[in-house]
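**Student:** What follows is coords_27.cif, mmCIF, N, CA and C atoms.
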```
data_target
#
loop_
_atom_site.label_atom_id
_atom_site.label_comp_id
_atom_site.auth_asym_id
_atom_site.auth_seq_id
_atom_site.Cartn_x
_atom_site.Cartn_y
_atom_site.Cartn_z
N MET A 1 0.83 -1.18 0.00
CA MET A 1 0.00 0.00 0.00
C MET A 1 0.88 1.25 0.00
N LEU A 2 1.97 1.18 0.70
CA LEU A 2 2.87 2.33 0.71
C LEU A 2 3.45 2.57 -0.68
N SER A 3 3.67 1.49 -1.43
CA SER A 3 4.20 1.67 -2.78
C SER A 3 3.19 2.37 -3.68
N TYR A 4 1.89 2.12 -3.48
CA TYR A 4 0.86 2.84 -4.24
C TYR A 4 0.90 4.33 -3.91
N ALA A 5 1.06 4.65 -2.65
CA ALA A 5 1.12 6.05 -2.25
C ALA A 5 2.32 6.75 -2.88
N VAL A 6 3.46 6.08 -2.89
CA VAL A 6 4.66 6.65 -3.50
C VAL A 6 4.47 6.80 -5.01
N THR A 7 3.84 5.81 -5.64
CA THR A 7 3.59 5.88 -7.08
C THR A 7 2.70 7.07 -7.43
N PHE A 8 1.60 7.24 -6.70
CA PHE A 8 0.72 8.37 -6.98
C PHE A 8 1.40 9.70 -6.66
N PHE A 9 2.29 9.72 -5.67
CA PHE A 9 3.03 10.93 -5.36
C PHE A 9 3.95 11.31 -6.51
N ILE A 10 4.62 10.32 -7.09
CA ILE A 10 5.51 10.58 -8.23
C ILE A 10 4.70 11.04 -9.43
N ILE A 11 3.54 10.43 -9.66
CA ILE A 11 2.67 10.86 -10.76
C ILE A 11 2.23 12.30 -10.55
N ALA A 12 1.91 12.66 -9.30
CA ALA A 12 1.50 14.03 -9.01
C ALA A 12 2.63 15.01 -9.27
N ILE A 13 3.85 14.67 -8.91
CA ILE A 13 4.98 15.56 -9.15
C ILE A 13 5.22 15.74 -10.64
N ILE A 14 5.20 14.65 -11.39
CA ILE A 14 5.43 14.74 -12.84
C ILE A 14 4.31 15.53 -13.50
N ALA A 15 3.07 15.28 -13.12
CA ALA A 15 1.95 16.01 -13.70
C ALA A 15 2.02 17.49 -13.34
N GLY A 16 2.44 17.80 -12.13
CA GLY A 16 2.58 19.19 -11.73
C GLY A 16 3.66 19.91 -12.52
N ILE A 17 4.76 19.23 -12.79
CA ILE A 17 5.84 19.83 -13.58
C ILE A 17 5.38 20.08 -15.01
N LEU A 18 4.60 19.14 -15.56
CA LEU A 18 4.15 19.28 -16.94
C LEU A 18 2.95 20.21 -17.08
N GLY A 19 2.37 20.65 -15.97
CA GLY A 19 1.30 21.63 -16.03
C GLY A 19 -0.11 21.06 -16.00
N PHE A 20 -0.25 19.81 -15.68
CA PHE A 20 -1.58 19.21 -15.58
C PHE A 20 -2.06 19.35 -14.13
N GLY A 21 -2.66 20.48 -13.82
CA GLY A 21 -3.02 20.79 -12.44
C GLY A 21 -4.07 19.87 -11.86
N GLY A 22 -5.10 19.55 -12.63
CA GLY A 22 -6.17 18.70 -12.12
C GLY A 22 -5.70 17.29 -11.84
N ILE A 23 -4.90 16.77 -12.76
CA ILE A 23 -4.37 15.41 -12.58
C ILE A 23 -3.40 15.38 -11.40
N ALA A 24 -2.58 16.41 -11.28
CA ALA A 24 -1.63 16.47 -10.17
C ALA A 24 -2.35 16.55 -8.84
N GLY A 25 -3.40 17.33 -8.77
CA GLY A 25 -4.16 17.44 -7.53
C GLY A 25 -4.84 16.14 -7.16
N SER A 26 -5.41 15.48 -8.15
CA SER A 26 -6.08 14.20 -7.88
C SER A 26 -5.08 13.14 -7.44
N ALA A 27 -3.96 13.06 -8.12
CA ALA A 27 -2.94 12.07 -7.75
C ALA A 27 -2.37 12.36 -6.37
N ALA A 28 -2.18 13.62 -6.04
CA ALA A 28 -1.67 13.96 -4.71
C ALA A 28 -2.69 13.61 -3.64
N TRP A 29 -3.96 13.83 -3.91
CA TRP A 29 -5.01 13.49 -2.95
C TRP A 29 -5.07 11.98 -2.74
N ILE A 30 -4.99 11.21 -3.82
CA ILE A 30 -5.00 9.75 -3.70
C ILE A 30 -3.78 9.27 -2.91
N ALA A 31 -2.62 9.86 -3.18
CA ALA A 31 -1.41 9.48 -2.44
C ALA A 31 -1.56 9.80 -0.96
N HIS A 32 -2.16 10.93 -0.65
CA HIS A 32 -2.36 11.31 0.75
C HIS A 32 -3.31 10.34 1.44
N VAL A 33 -4.40 9.99 0.81
CA VAL A 33 -5.37 9.06 1.40
C VAL A 33 -4.73 7.69 1.61
N LEU A 34 -4.01 7.19 0.62
CA LEU A 34 -3.36 5.89 0.76
C LEU A 34 -2.31 5.90 1.86
N PHE A 35 -1.58 7.00 2.01
CA PHE A 35 -0.58 7.09 3.05
C PHE A 35 -1.21 7.08 4.43
N VAL A 36 -2.33 7.78 4.59
CA VAL A 36 -3.03 7.80 5.88
C VAL A 36 -3.57 6.40 6.20
N VAL A 37 -4.14 5.73 5.20
CA VAL A 37 -4.63 4.36 5.43
C VAL A 37 -3.48 3.44 5.81
N PHE A 38 -2.33 3.60 5.14
CA PHE A 38 -1.16 2.80 5.48
C PHE A 38 -0.73 3.04 6.93
N LEU A 39 -0.70 4.30 7.34
CA LEU A 39 -0.30 4.60 8.72
C LEU A 39 -1.25 4.01 9.74
N VAL A 40 -2.55 4.09 9.48
CA VAL A 40 -3.54 3.54 10.40
C VAL A 40 -3.37 2.03 10.51
N LEU A 41 -3.22 1.35 9.37
CA LEU A 41 -3.03 -0.10 9.39
C LEU A 41 -1.72 -0.49 10.07
N PHE A 42 -0.68 0.30 9.88
CA PHE A 42 0.60 0.04 10.52
C PHE A 42 0.49 0.15 12.03
N ILE A 43 -0.15 1.20 12.50
CA ILE A 43 -0.31 1.39 13.94
C ILE A 43 -1.18 0.28 14.54
N LEU A 44 -2.25 -0.09 13.85
CA LEU A 44 -3.09 -1.18 14.34
C LEU A 44 -2.33 -2.50 14.39
N SER A 45 -1.48 -2.75 13.40
CA SER A 45 -0.71 -4.00 13.42
C SER A 45 0.33 -3.98 14.54
N LEU A 46 0.86 -2.80 14.87
CA LEU A 46 1.78 -2.74 16.00
C LEU A 46 1.06 -3.01 17.31
N ILE A 47 -0.15 -2.50 17.45
CA ILE A 47 -0.89 -2.66 18.70
C ILE A 47 -1.39 -4.09 18.85
N PHE A 48 -2.02 -4.63 17.83
CA PHE A 48 -2.67 -5.92 17.94
C PHE A 48 -1.82 -7.09 17.45
N GLY A 49 -0.68 -6.83 16.84
CA GLY A 49 0.13 -7.90 16.28
C GLY A 49 1.03 -8.57 17.28
N ARG A 50 1.27 -7.97 18.43
CA ARG A 50 2.24 -8.52 19.39
C ARG A 50 1.56 -9.09 20.62
N ARG A 51 0.36 -9.55 20.46
CA ARG A 51 -0.33 -10.17 21.59
C ARG A 51 0.20 -11.58 21.83
N PRO A 52 0.33 -11.96 23.08
CA PRO A 52 0.68 -13.35 23.34
C PRO A 52 -0.50 -14.24 23.02
N PRO A 53 -0.24 -15.47 22.62
CA PRO A 53 -1.36 -16.37 22.28
C PRO A 53 -2.22 -16.67 23.49
N VAL A 54 -3.51 -16.71 23.26
CA VAL A 54 -4.46 -17.01 24.32
C VAL A 54 -4.50 -18.51 24.53
N ALA A 55 -4.22 -18.97 25.76
CA ALA A 55 -4.16 -20.41 26.01
C ALA A 55 -5.40 -20.90 26.72
#
```
Translate this structure into structure tokens?
**Tutor:**
Amino acid sequence: MLSYAVTFFIIAIIAGILGFGGIAGSAAWIAHVLFVVFLVLFILSLIFGRRPPVA
């Protein structure tokens, strides 16, 4: 998921350099959303992933 965020971020930078404002804004927004989702899932996996097994 983090790779998708980086990919959309790179697309946004390239589109911004070439002057495609709408595409750059959309790609940056998608990258931002994917990065936030990645962070939430990462934090949840840190919290719930290290539980000892219930016996």
**Student:** Carefully work through the PyMOL selection byres ((chain A and resi 12) around 8) for this structure and note down the residues it includes, as a PyMOL selection string.
**Tutor:** chain A and resi 6-11+13-18+23-29
**Student:** Kindly export the residues of the current selection with N, CA and C atoms, as a tab-separated table (two decimals), keeping the file's coordinate frame.
**Tutor:**
```tsv
chain	number	residue	atom	x	y	z
A	6	VAL	N	3.46	6.08	-2.89
A	6	VAL	CA	4.66	6.65	-3.50
A	6	VAL	C	4.47	6.80	-5.01
A	7	THR	N	3.84	5.81	-5.64
A	7	THR	CA	3.59	5.88	-7.08
A	7	THR	C	2.70	7.07	-7.43
A	8	PHE	N	1.60	7.24	-6.70
A	8	PHE	CA	0.72	8.37	-6.98
A	8	PHE	C	1.40	9.70	-6.66
A	9	PHE	N	2.29	9.72	-5.67
A	9	PHE	CA	3.03	10.93	-5.36
A	9	PHE	C	3.95	11.31	-6.51
A	10	ILE	N	4.62	10.32	-7.09
A	10	ILE	CA	5.51	10.58	-8.23
A	10	ILE	C	4.70	11.04	-9.43
A	11	ILE	N	3.54	10.43	-9.66
A	11	ILE	CA	2.67	10.86	-10.76
A	11	ILE	C	2.23	12.30	-10.55
A	13	ILE	N	3.85	14.67	-8.91
A	13	ILE	CA	4.98	15.56	-9.15
A	13	ILE	C	5.22	15.74	-10.64
A	14	ILE	N	5.20	14.65	-11.39
A	14	ILE	CA	5.43	14.74	-12.84
A	14	ILE	C	4.31	15.53	-13.50
A	15	ALA	N	3.07	15.28	-13.12
A	15	ALA	CA	1.95	16.01	-13.70
A	15	ALA	C	2.02	17.49	-13.34
A	16	GLY	N	2.44	17.80	-12.13
A	16	GLY	CA	2.58	19.19	-11.73
A	16	GLY	C	3.66	19.91	-12.52
A	17	ILE	N	4.76	19.23	-12.79
A	17	ILE	CA	5.84	19.83	-13.58
A	17	ILE	C	5.38	20.08	-15.01
A	18	LEU	N	4.60	19.14	-15.56
A	18	LEU	CA	4.15	19.28	-16.94
A	18	LEU	C	2.95	20.21	-17.08
A	23	ILE	N	-4.90	16.77	-12.76
A	23	ILE	CA	-4.37	15.41	-12.58
A	23	ILE	C	-3.40	15.38	-11.40
A	24	ALA	N	-2.58	16.41	-11.28
A	24	ALA	CA	-1.63	16.47	-10.17
A	24	ALA	C	-2.35	16.55	-8.84
A	25	GLY	N	-3.40	17.33	-8.77
A	25	GLY	CA	-4.16	17.44	-7.53
A	25	GLY	C	-4.84	16.14	-7.16
A	26	SER	N	-5.41	15.48	-8.15
A	26	SER	CA	-6.08	14.20	-7.88
A	26	SER	C	-5.08	13.14	-7.44
A	27	ALA	N	-3.96	13.06	-8.12
A	27	ALA	CA	-2.94	12.07	-7.75
A	27	ALA	C	-2.37	12.36	-6.37
A	28	ALA	N	-2.18	13.62	-6.04
A	28	ALA	CA	-1.67	13.96	-4.71
A	28	ALA	C	-2.69	13.61	-3.64
A	29	TRP	N	-3.96	13.83	-3.91
A	29	TRP	CA	-5.01	13.49	-2.95
A	29	TRP	C	-5.07	11.98	-2.74
```
**Student:** Using only C-alpha atoms, can you tell me which of A:Gly49, A:Ile43, A:Val54, A:Leu34 comes closest to Ser3 (chain A)?
**Tutor:**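 Under the stated criterion, the closest residue is A:Leu34.
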**Student:** What parts of chain A does DSSP call alpha helix (DSSP H)? I'd like the answer as a PyMOL selection string.
**Tutor:** chain A and resi 2-18+21-48
**Student:** For CA of Leu2 (chain A) and CA of Leu44 (chain A), quote the distance in Å rounded to one decimal.
**Tutor:**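 Spanning CA of Leu2 (chain A) to CA of Leu44 (chain A) is a straight-line distance of 15.3 Å.
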**Student:** Measure the distance from atom N of Phe42 (chain A) to CA of Tyr4 (chain A) in Å and round it to one decimal.
**Tutor:** 14.4 Å
**Student:** Any chance you could work out the axis-aligned box around region 7-23 of chain A, listed atoms only, 4 Å on each side, giving centre and edge lengths in Å to one decimal, as JSON?
**Tutor:**
```
{"center_x": -0.2, "center_y": 13.7, "center_z": -11.2, "size_x": 20.0, "size_y": 23.8, "size_z": 19.7}
```
